[in-house]
Structures are given as C-alpha cells and as structure tokens.
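Below is one structure; the comments refer to it alone.
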Amino acid sequence: MSAADKSMPEIILARSDAQTDEGQRQSRRTFRSRRARRETLLGWLFVLPALSFYGLFVLLPLALTVKYSLYRWDGFNVPAWVGLANYENVLTDPDLLNTIFNSFRLMIFFSLIPVTLGLVVASVIRRSATGSLGNVARTVLFLPQVIPLVAAGIVWSVVLSLSGIGNQFLTAIGLEGITRAWLGDFDTALAAVGLIGTWVLLGLCTLLLLTGMTKIDPALYESARIDGAGAFREFLAITLPSLRQEIGVCVTITVIAALRSFDIVYVTTGGGPGLATMVPGLDIYVLAFQARAVGVASALAVVLIVLILLVILPIQWLSRENGE
Amino acid sequence: MFPVFSQSRRVLGGLAALALVAGACSSSSTPTPATPTTAPATATAAPAITVAPTAAGITCGTAPVVLTAYFETGFDIPFKLSDEFTKQFPNVTWKISQDQFTNLMNATPRLLSSDNPPDLVRLPSMVSLVKDGLLKNLDGYVTSFGWDKWPAANLVQNRVGTDGVRGAGSLYAAGLNYSMTGVFYNKKLAAQIGMTTPPATVADFEALLAKAKTAGLQPIMAWNASASGGGLAFPLQNLMAAYGPTGPINDWIFQKKGATIDTDTNLTAAQHLETWVKSGYFPKDVNAIEYTAANSRFGKGEGVFMFNGDWQDAAYDKDMAGNVGFFIFPSATSGGSVAAMSAPLTYGIAAKAKNADCAAFFLNWVATNPTARQIDVAVGGSTPGGPSDLTVPPGPTGSVINDTLAQGASVAKANGAMDFIANATGSIFAQGWTPELQKMVGGKETAAGLLKTVQAEYLKELAQ
C-alpha cells in the first residue's frame with residue numbers, strides 16, 4: 001500500500017512546485033514530515049499488539065531469567081543476591097557440564113545425519129521419483145513432523161524396549177546377541193535418543209532441500225549431462241553449491257533442536273540411565289521445578305542461550321557469505 | 001535462604017497416581033464384570049451411625065457450615081469421606097476445589113496466604129509453609145482430641161520444629177490414611193520355589209531369590225527408568241532398615257543437621273543390593289522399565305517378588321486375583337524389628353481458616369469413625385491410622401488389602417514407619433538416587449560410591 005500511497009501527493013506537489021514560493025515550500029515540508037510521522041505512528045500501531053505480546057512473553061521472561069540467574073531463589077520466598085555464583089556453579093559442576101556435552105553429541109544425530117541424508121534422499125527423489133512416488137516419499141518422510149513428539153517418543157520407547165519390534169527384528173536376522181533395552185543401556189541410550197531425533201528431522205531437511213532444488217535452473221543439469229557428468233558429479237558441482245542457503249537453514253534449525261532438546265529426552269529416557277542422556281533443557285526443568293533452584297536453572301538457561309548463539313551465528317554468517 | 005523442602009508422599013503419591021492410571025487402563029481393556037474393590041465394601045459399610053468423640057466441645061456445631069477444601073485430583077478418598085461426613089453431619093456442606101499434585105505444589109503457598117484460604121488442604125510439602133506461618137498449629141487439637149495417644153510414628157512425619165526440621169515439634173497436619181510398602185509376591189511362583197511362609201530374615205529372602213534364579217524365574221520385578229524414578233530405592237531402603245535403625249534414616253529425610261546417609265549399616269544394605277544386581281535378580285532391562293510397565297509385567301506373571309506399596313492393592317487384585325500375597329521386608333536377624341516406608345496422606349488446616357475447629361473435627365472423625373475408617377481401607381487400601389486400640393476394618397474377602405493391613409499392623413507395633421529416602425529434598429530422587437541406582441545396574445557405580453555421591457548431592461541441594 002505504502003508505495004502508491006506515498007508517491008501520489010508527491011507527484012501533485014511536484015507539478016505545482018515551479019510556481020511555489022519559499023513559504024509554500026516550507027508548508028509542504030511540514031506537511032510531508034507530519035504525514036511521515038503519522039504513517040510511522042500508524043505503523044507502530046499495527047505492530048503494537050504483536051510487539052506487546054513479544055515483549056510480554058519473550059523479552060520480559062528473557063530479562064527476568066537473566067535477573068534470576070544472579071539470585072538464589074526457590075520461586076516464592078525472598079531471593080538472595082549471589083552475583084555470578086550460579087554461573088560458577090554451572091561452569092564447574094561436572095554433571096551440569098556433562099549435560100552440555102551431551103547436547104553437542106546429539107548434534108551428530110539431530111544435525112549432521114539428517115542434513116547429509118536429507119541431501120542424498122532429496123537428490124534421489126528429484127532425479128528418479130517424480131510423480132506420485134515422489135509425493136508418497138515426501139509425505140512419508142514429512143510425517144514425523146506432524147506427529148506430536150510426545151506420542152512419537154512413547155511409540156519409540158516401545159519399539160526400542162527389550163521386547164520391542166527393534167529387538168524382534170534383530171533376533172529374526174540372527175543378531176540376538178546384541179539385543180538390549182536400547183534406551184536403558186549406558187552405551188546406547190544417547191544414540192537411541194539421537195536416532196529418534198534423526199527420524200523426526202530427516203523429513204524436514206529433505207523437504208526443505210527438495211524445495212531448494214526445484215529452484216535450480218534445469219538447464220544447468222542439462223549442460224552438465226551433455227558434458228558427460230554423472231549423477232554424483234552433478235550433485236557435487238550443481239546441487240550442493242546451489243543449496244548453500246537451504247543447507248544453512250537446515251543446519252541452523254537442527255543444531256538448535258539438538259541444543260535445546262527436551263521433549264524426546266523427557267518422554268523416552270528422562271535423562272537416564274545415570275545422566276547418560278541428560279540435556280540442558282531437561283536439567284533446567286528439573287532444577288527449577290523439582291530442586292526449586294531457580295537461580296541455577298536460570299544461569300544454565302542463559303548459558304544455553306549464549307551457547308546457541310555462539311554456534312548459530314557462524315553458521316548464519318558462513319551460509320550467507322558463501323551464498324552471495 | 002533456600003527453604004527446606006520435605007515432600008512427604010511426593011514419590012509415594014506420584015506412584016499412587018500412576019497406579020490409578022494403570023488401573024483405569026486395565027479396566028477399560030478387560031471387560032470383566034468385576035466391580036472395583038471399593039464397591040462391595042462401601043455397600044456393606046452401613047453400621048449404625050456412631051457419633052465421633054466430641055472432645056472438649058470441638059465440633060462442627062449445629063448451625064450451617066460450609067467447609068472449603070482443596071483436594072488432589074485423582075484420589076477418591078477425600079471426596080468419599082466428605083460425602084459421608086455430610087451424611088452424618090447434615091449442617092456441614094463442602095466447597096471443594098481440586099488440582100493435580102504438581103500444581104498443588106505451586107498453588108498452595110499462594111492459596112494459604114490469600115484472604116480466603118481453604119479450611120482443609122492437601123499438603124504436598126510442609127516445612128516452607130510452616131516457616132511462612134501459613135499452616136495452623138494443631139497442638140491444641142492434639143490434646144483436646146487425644147491424638148497424643150495414637151501411635152507416635154503416624155504423627156511424627158507431620159511434626160515440624162521451630163528450627164524448620166521435620167520429625168519433631170508441633171503438629172501441622174494429619175493423615176487421612178497411611179500407606180504401607182513391602183514385598184508383593186506371586187503365590188503360584190512362590191510355591192514353585194518352595195516358599196511356604198514369608199521369609200523371616202534377609203538371608204531367607206536371598207535364598208528364595210537364588211532359588212527363583214535357578215528355577216529360571218525372574219526373581220524380582222522392578223522399575224528403574226528415569227521417567228518413574230529409580231524403583232530400586234524401595235529394596236535399598238528396606239535393606240537399610242533391616243541392617244540399621246530407622247532413626248538416622250528419618251533424620252536424613254527430615255534434614256536434621258549433620259545427618260548422613262553414608263553410614264556403615266547403609267553401606268551393608270547397598271552392598272546387598274549390588275549383589276542382587278550382579279546376581280541378575282532384577283530384569284536385565286530394569287533401567288528402561290517404567291512403573292506402569294513393571295506392574296503390568298508382574299501382573300502377567302513375570303517376577304516372583306515386587307517391592308511396592310498398598311496403593312497398588314486393587315490393581316494387583318484385578319490382575320492376579322487370589323494369586324498375590326504381601327509381606328513386610330524381614331529384618332536381618334530372626335525376630336528383629338521390622339520397618340517399612342509409610343507415608344500419611346497429609347492434610348492441613350490454613351492458619352487463617354474460618355472453620356478451623358470443624359476441619360479439625362473432620363480429621364479426627366476420619367481416624368475414629370467406623371464408617372470413615374471403612375472408606376479409608378476400601379477406597380485407599382491403606383490403614384486409617386487413629387488410636388491403636390481401634391480395629392482396622394477388613395478389606396474385601398480374598399483381597400491383598402487384608403494382607404497389607406495385617407502386615408502393616410506389625411510395623412505400627414514396632415514403630416517402624418519411615419518416610420521415603422526419595423523425599424529428602426525436592427530433587428534428590430531425580431538428581432541423586434535415580435541416576436546412581438541406574439549406574440549401579442549398569443556396573444558403573446559401587447555401593448560405597450552410590451552413598452557418597454547421593455550424600456554429596458544432598459548437601460549440594462541443601463546449600464542451593
């Protein structure tokens with residue numbers, strides 16, 4: 001609306017410009033600035049509802065989290081100022097540090113595998129599964145995004161249990177020796193949780209990358225084929241470079257999912273066995289609502305935010321730089 | 001300062017809630033005509049209405065009274081009791097709100113500090129409420145109703161001292177009933193391994209476990225997944241009480257100054273548990289088994305023994321009718337004193353309650369009135385407490401409720417009631433016991449290391 005709106009009076013005024021004296025010019029200027037101010041005000045008015053919600057439910061809690069992280073507080077008694085002691089606690093407690101390491105380990109399953117596998121699957125779908133087969137493949141892969149994570153977690157914990165279908169399959173193909181309660185074993189629990197993450201995020205990445213691929217000029221592929229390039233060469237020389245921005249988005253989303261993971265872990269392992277699958281998101285919840293150590297929980301939350309930013313910003317920067 | 005939290009029944013209550021969910025599930029899937037065990041009992045519970053003792057003239061009077069109450073969602077007992085109370089005292093009507101346990105935790109302080117607090121309230125925790133002066137001191141009622149003549153172990157968990165330590169001092173709450181924990185057993189499987197009477201000592205019990213293992217049976221069914229919390233804490237605490245006195249364990253739970261869980265007798269207990277783990281007495285996937293799954297597997301005949309509480313009675317009755325028995329975990333020596341985890345279903349009165357006397361009269365009535373006691377047993381499966389000379393009404397014929405009640409009496413006689421070690425602090429279960437017990441199962445923690453780590457976590461949480 002604004003482009004047409006703004007230019008109209010300008011044209012009219014410009015036409016009469018030649019005949020106007022200084023005084024008129026003056027009044028025009030105030031007219032313009034008054035109008036601009038009114039538009040700015042109107043703009044703010046439109047944004048105001050969303051902005052107030054954003055402020056109330058995002059910015060304010062964020063500020064309060066930072067504030068609480070400097071106190072020792074149980075949630076309803078008078079908080080006591082402790083300065084940076086909570087941060088010291090977070091950064092020196094081996095158990096708390098371990099939760100942060102766990103979320104980095106989860107990145108392999110939440111980010112690396114889905115993005116890599118997503119590229120492969122998307123290329124395959126683009127090349128060979130056009131038409132209804134492609135639609136089916138897309139739908140099946142995207143389905144995990146539609147199913148609530150809690151329900152998916154419950155189903156997966158049944159699948160991965162000792163008598164679950166996963167172990168039944170392994171037994172059927174003669175691998176009974178390695179069957180175990182995958183989510184209850186110290187060596188496999190984190191990977192098992194990660195596998196669920198892979199299952200959830202693979203579809204999202206595939207779909208995003210597939211959409212990116214449709215925007216690549218088919219002529220590029222054609223000329224590559226004329227030059228005698230095979231499918232792999234095509235993928236390396238054309239698909240991959242054209243998808244830098246999409247890959248950037250995928251990596252960003254999945255890395256954040258890994259770092260702030262909560263629901264899958266909460267439903268399937270609750271952080272166990274031991275603290276093998278404990279992640280910061282879950283620990284914050286336990287600290288704040290069970291231990292009632294709101295201060296330490298807030299400090300861990302702030303550390304998590306900073307960590308996410310530290311990891312995400314270079315990814316953003318890289319994908320933008322290269323995409324240019 | 002960080003307040004002291006001792007959530008009595010937090011774990012036990014949570015498990016009981018799970019049990020109710022499990023019960024609901026099984027009842028919907030099996031279209032058996034069997035009515036819940038509560039029905040016949042309440043139907044037979046129609047003795048002549050006896051007027052409860054009205055000590056020192058504390059009653060609900062005759063003028064209309066509206067008692068406001070705040071109950072826990074998912075538990076029928078307070079609702080059934082309040083209905084019966086109105087039947088007996090028609091001038092009293094109720095205004096009842098209810099909420100989930102976790103919401104109660106958050107809402108109770110605010111509710112109690114409001115201008116219009118509930119007269120009667122389910123207490124998820126006590127100490128901080130007492131410290132903030134939000135709960136009525138019930139000492140006056142103790143003398144006027146003669147509660148001081150009741151078994152002391154029943155009241156001690158609801159006492160809070162001026163130093164903010166639970167376990168001694170003034171009384172701030174009363175239990176509607178008192179749950180009891182111990183060992184359930186599958187009668188058929190127990191007969192198969194030659195168990196004719198419940199084991200008299202821990203050694204006897206361990207011999208039975210070995211026999212079950214040799215016979216190719218699952219000796220103990222248990223849960224130890226984080227989602228339900230480390231269920232191995234049940235046998236561990238039973239072992240602690242078998243090898244040592246309950247006093248220091250309660251001191252630790254009540255956060256008495258200098259209390260420690262890392263004692264010699266507790267080490268012996270933890271070492272026995274470690275042996276059980278290494279001997280394969282627990283399911284090999286126990287770290288992935290949740291509470292409901294463990295119960296359903298036990299109900300289907302997997303496991304000779306299961307450590308659990310009487311809140312599970314009705315569900316076991318349904319799953320394995322006539323085939324389930326119960327005994328209190330034995331002492332280390334024959335004839336030694338027995339103990340068990342037992343927690344009151346805690347209710348308190350707001351400091352600013354408008355009808356405090358009537359609410360206290362209700363609490364006294366619950367423990368002393370025959371019909372109320374019958375409801376307590378039939379609906380909750382737990383002993384109603386009250387004076388020790390009152391007989392506990394029986395549960396339905398053939399129900400394991402009768403076993404838990406009979407055995408529970410022996411614990412009451414021995415004054416052996418303990419609170420649960422998982423309730424010592426708000427997150428000692430999630431951050432201490434559960435991960436450590438899981439590590440023990442995974443062979444990554446020793447008995448000594450377990451106690452040391454939990455004690456360190458305990459001190460850390462008290463300092464937080």
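We label chains A, B, ... in the order they appear in the structure tokens, count residues from 1 in each chain, and number ligands from 1 in the order shown.
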Counting only C-alpha atoms, collect the residues of chain B whose closest atom lies at most 8 Å from chain A, and write them out as a PyMOL selection string.
chain B and resi 1-3+225-227+285-288+425-428+430+434-439+442+461+464
Could you pull out the strand (DSSP E) residues of region 117-323 of chain B from DSSP and send them as number ranges by chain?
B: 120-122, 159-160, 170-171, 174-178, 181-186, 220-221, 305-309
Any idea what's packed within 10 Å of region 200-214 of chain A, counting only C-alpha atoms, ignoring anything in its chain fewer than 2 positions away? Could you give it as JSON, numbers by chain?
{"A": [109, 110, 111, 113, 114, 115, 116, 117, 118, 119, 120, 121, 122, 123, 124, 125, 126, 137, 138, 139, 140, 141, 142, 143, 144, 145, 146, 147, 149, 152, 194, 195, 196, 197, 198, 216, 217, 218, 238, 239, 240, 242, 243, 244, 245, 246, 247, 249, 250, 251, 253, 254, 257, 264]}
Separation of CA of Thr214 (chain B) from CA of Ile193 (chain B), in Å and rounded to one decimal
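Computing it gives 9.3 Å between the two atoms.
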Could you state the separation of CA of Ala168 (chain B) and CA of Asp139 (chain B) in Å, given to one decimal place?
12.1 Å
In Å and to one decimal, CA of Val193 (chain A) is distant from CA of Val158 (chain A) by 12.8 Å
Identify all residues of region 180-418 of chain B in alpha helix (DSSP H) (DSSP on the backbone) and supply them as an mmCIF file with C-alpha atoms, in the first residue's frame.
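Below is the file that was written, selection_8.cif:
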data_model
loop_
_atom_site.group_PDB
_atom_site.id
_atom_site.type_symbol
_atom_site.label_atom_id
_atom_site.label_comp_id
_atom_site.auth_asym_id
_atom_site.auth_seq_id
_atom_site.Cartn_x
_atom_site.Cartn_y
_atom_site.Cartn_z
ATOM 1 C CA LYS B 187 1.690 -67.048 45.173
ATOM 2 C CA LYS B 188 1.957 -69.666 42.408
ATOM 3 C CA LEU B 189 5.568 -68.847 41.601
ATOM 4 C CA ALA B 190 6.461 -68.590 45.291
ATOM 5 C CA ALA B 191 5.056 -72.072 45.857
ATOM 6 C CA GLN B 192 7.090 -73.279 42.911
ATOM 7 C CA VAL B 202 17.102 -61.163 54.830
ATOM 8 C CA ALA B 203 19.183 -64.321 54.368
ATOM 9 C CA ASP B 204 15.983 -66.341 53.968
ATOM 10 C CA PHE B 205 14.780 -63.875 51.372
ATOM 11 C CA GLU B 206 18.074 -64.015 49.494
ATOM 12 C CA ALA B 207 17.898 -67.794 49.485
ATOM 13 C CA LEU B 208 14.490 -67.533 47.835
ATOM 14 C CA LEU B 209 15.884 -65.127 45.237
ATOM 15 C CA ALA B 210 18.658 -67.581 44.419
ATOM 16 C CA LYS B 211 16.157 -70.422 44.125
ATOM 17 C CA ALA B 212 13.999 -68.362 41.768
ATOM 18 C CA LYS B 213 17.017 -67.576 39.601
ATOM 19 C CA THR B 214 17.993 -71.228 39.427
ATOM 20 C CA ALA B 233 15.324 -47.265 46.066
ATOM 21 C CA PHE B 234 12.497 -49.378 47.535
ATOM 22 C CA PRO B 235 14.548 -52.534 48.159
ATOM 23 C CA LEU B 236 17.538 -50.379 49.095
ATOM 24 C CA GLN B 237 15.669 -48.589 51.870
ATOM 25 C CA ASN B 238 14.140 -51.862 53.049
ATOM 26 C CA LEU B 239 17.658 -53.261 53.310
ATOM 27 C CA MET B 240 18.813 -50.137 55.168
ATOM 28 C CA ALA B 241 16.084 -50.615 57.759
ATOM 29 C CA ALA B 242 16.886 -54.309 58.012
ATOM 30 C CA TYR B 243 20.549 -53.697 58.851
ATOM 31 C CA THR B 246 15.225 -46.276 61.192
ATOM 32 C CA GLY B 247 16.005 -43.180 63.292
ATOM 33 C CA PRO B 248 19.067 -41.984 61.352
ATOM 34 C CA ILE B 249 17.279 -42.652 58.057
ATOM 35 C CA ASN B 250 14.361 -40.466 59.121
ATOM 36 C CA ASP B 251 16.787 -37.833 60.435
ATOM 37 C CA TRP B 252 18.344 -37.684 56.999
ATOM 38 C CA ILE B 253 14.967 -37.402 55.303
ATOM 39 C CA ASP B 264 28.172 -48.357 57.883
ATOM 40 C CA THR B 265 24.833 -50.143 58.048
ATOM 41 C CA ASN B 266 23.610 -48.385 54.937
ATOM 42 C CA LEU B 267 26.774 -49.494 53.182
ATOM 43 C CA THR B 268 25.979 -53.088 54.127
ATOM 44 C CA ALA B 269 22.499 -52.548 52.708
ATOM 45 C CA ALA B 270 23.795 -51.059 49.460
ATOM 46 C CA GLN B 271 26.290 -53.913 49.109
ATOM 47 C CA HIS B 272 23.466 -56.428 49.372
ATOM 48 C CA LEU B 273 21.578 -54.558 46.666
ATOM 49 C CA GLU B 274 24.688 -54.573 44.495
ATOM 50 C CA THR B 275 24.939 -58.344 44.937
ATOM 51 C CA TRP B 276 21.314 -58.699 43.887
ATOM 52 C CA VAL B 277 22.020 -56.650 40.774
ATOM 53 C CA LYS B 278 25.115 -58.671 39.907
ATOM 54 C CA TYR B 291 6.455 -48.047 36.889
ATOM 55 C CA THR B 292 3.321 -48.978 34.945
ATOM 56 C CA ALA B 293 5.216 -51.444 32.746
ATOM 57 C CA ALA B 294 6.738 -53.155 35.784
ATOM 58 C CA ASN B 295 3.324 -53.600 37.377
ATOM 59 C CA SER B 296 1.759 -54.935 34.234
ATOM 60 C CA ARG B 297 4.618 -57.420 33.761
ATOM 61 C CA PHE B 298 4.313 -58.533 37.388
ATOM 62 C CA GLY B 299 0.568 -58.850 36.884
ATOM 63 C CA ASP B 313 -3.529 -53.468 46.034
ATOM 64 C CA ALA B 314 -6.653 -53.039 43.938
ATOM 65 C CA ALA B 315 -4.775 -53.266 40.645
ATOM 66 C CA TYR B 316 -2.973 -56.450 41.716
ATOM 67 C CA ASP B 317 -6.253 -57.921 42.927
ATOM 68 C CA LYS B 318 -7.628 -57.375 39.459
ATOM 69 C CA ASP B 319 -4.589 -58.610 37.512
ATOM 70 C CA ALA B 356 -10.558 -24.497 61.735
ATOM 71 C CA ASP B 357 -12.371 -26.318 64.550
ATOM 72 C CA CYS B 358 -14.768 -28.001 62.170
ATOM 73 C CA ALA B 359 -11.879 -29.030 59.888
ATOM 74 C CA ALA B 360 -10.003 -30.496 62.856
ATOM 75 C CA PHE B 361 -13.162 -32.295 63.940
ATOM 76 C CA PHE B 362 -13.335 -33.783 60.436
ATOM 77 C CA LEU B 363 -9.720 -35.015 60.645
ATOM 78 C CA ASN B 364 -10.447 -36.630 63.999
ATOM 79 C CA TRP B 365 -13.648 -38.162 62.619
ATOM 80 C CA VAL B 366 -11.758 -39.680 59.664
ATOM 81 C CA ALA B 367 -9.450 -41.560 62.006
ATOM 82 C CA THR B 368 -12.054 -42.635 64.549
ATOM 83 C CA PRO B 370 -16.090 -46.715 61.834
ATOM 84 C CA THR B 371 -17.669 -45.791 58.501
ATOM 85 C CA ALA B 372 -14.886 -43.337 57.700
ATOM 86 C CA ARG B 373 -12.266 -45.957 58.550
ATOM 87 C CA GLN B 374 -14.053 -48.450 56.325
ATOM 88 C CA ILE B 375 -13.966 -45.972 53.435
ATOM 89 C CA VAL B 400 -4.462 -58.498 49.173
ATOM 90 C CA ILE B 401 -5.646 -55.413 51.094
ATOM 91 C CA ASN B 402 -6.148 -57.701 54.079
ATOM 92 C CA ASP B 403 -2.545 -58.876 53.812
ATOM 93 C CA THR B 404 -1.142 -55.356 53.658
ATOM 94 C CA LEU B 405 -3.334 -54.266 56.579
ATOM 95 C CA ALA B 406 -2.362 -57.241 58.737
ATOM 96 C CA GLN B 407 1.328 -56.836 57.990
ATOM 97 C CA GLY B 408 1.133 -53.089 58.373
ATOM 98 C CA ALA B 409 -0.053 -53.539 61.932
ATOM 99 C CA SER B 410 3.242 -55.219 62.804
ATOM 100 C CA VAL B 411 5.133 -52.176 61.558
ATOM 101 C CA ALA B 412 2.922 -49.879 63.597
ATOM 102 C CA LYS B 413 3.566 -52.025 66.679
#
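Here the question is which of B:Val160, B:Val324, B:Val66, B:Leu104 gets nearest to Lys131 (chain B) using only C-alpha atoms, and that residue is B:Val160.
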Name the residues in contact with Met418 (chain B) at a cut-off of 6 Å, using only C-alpha atoms, excluding same-chain residues fewer than 3 positions from it; report them as a list in words.
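Those residues are Ala340, Met341 and Ser342 of chain B.
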Find the residues around Phe307 (chain B) up to 9 Å (only C-alpha atoms counted), leave out those fewer than 6 positions away in its own chain, and share them as a list in words.
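Result of the neighbour search: Thr181, Gly182, Val183, Phe184, Tyr185, Ile220, Met221, Ala222, Gly231, Leu232, Phe234, Pro235 and Phe329 of chain B.
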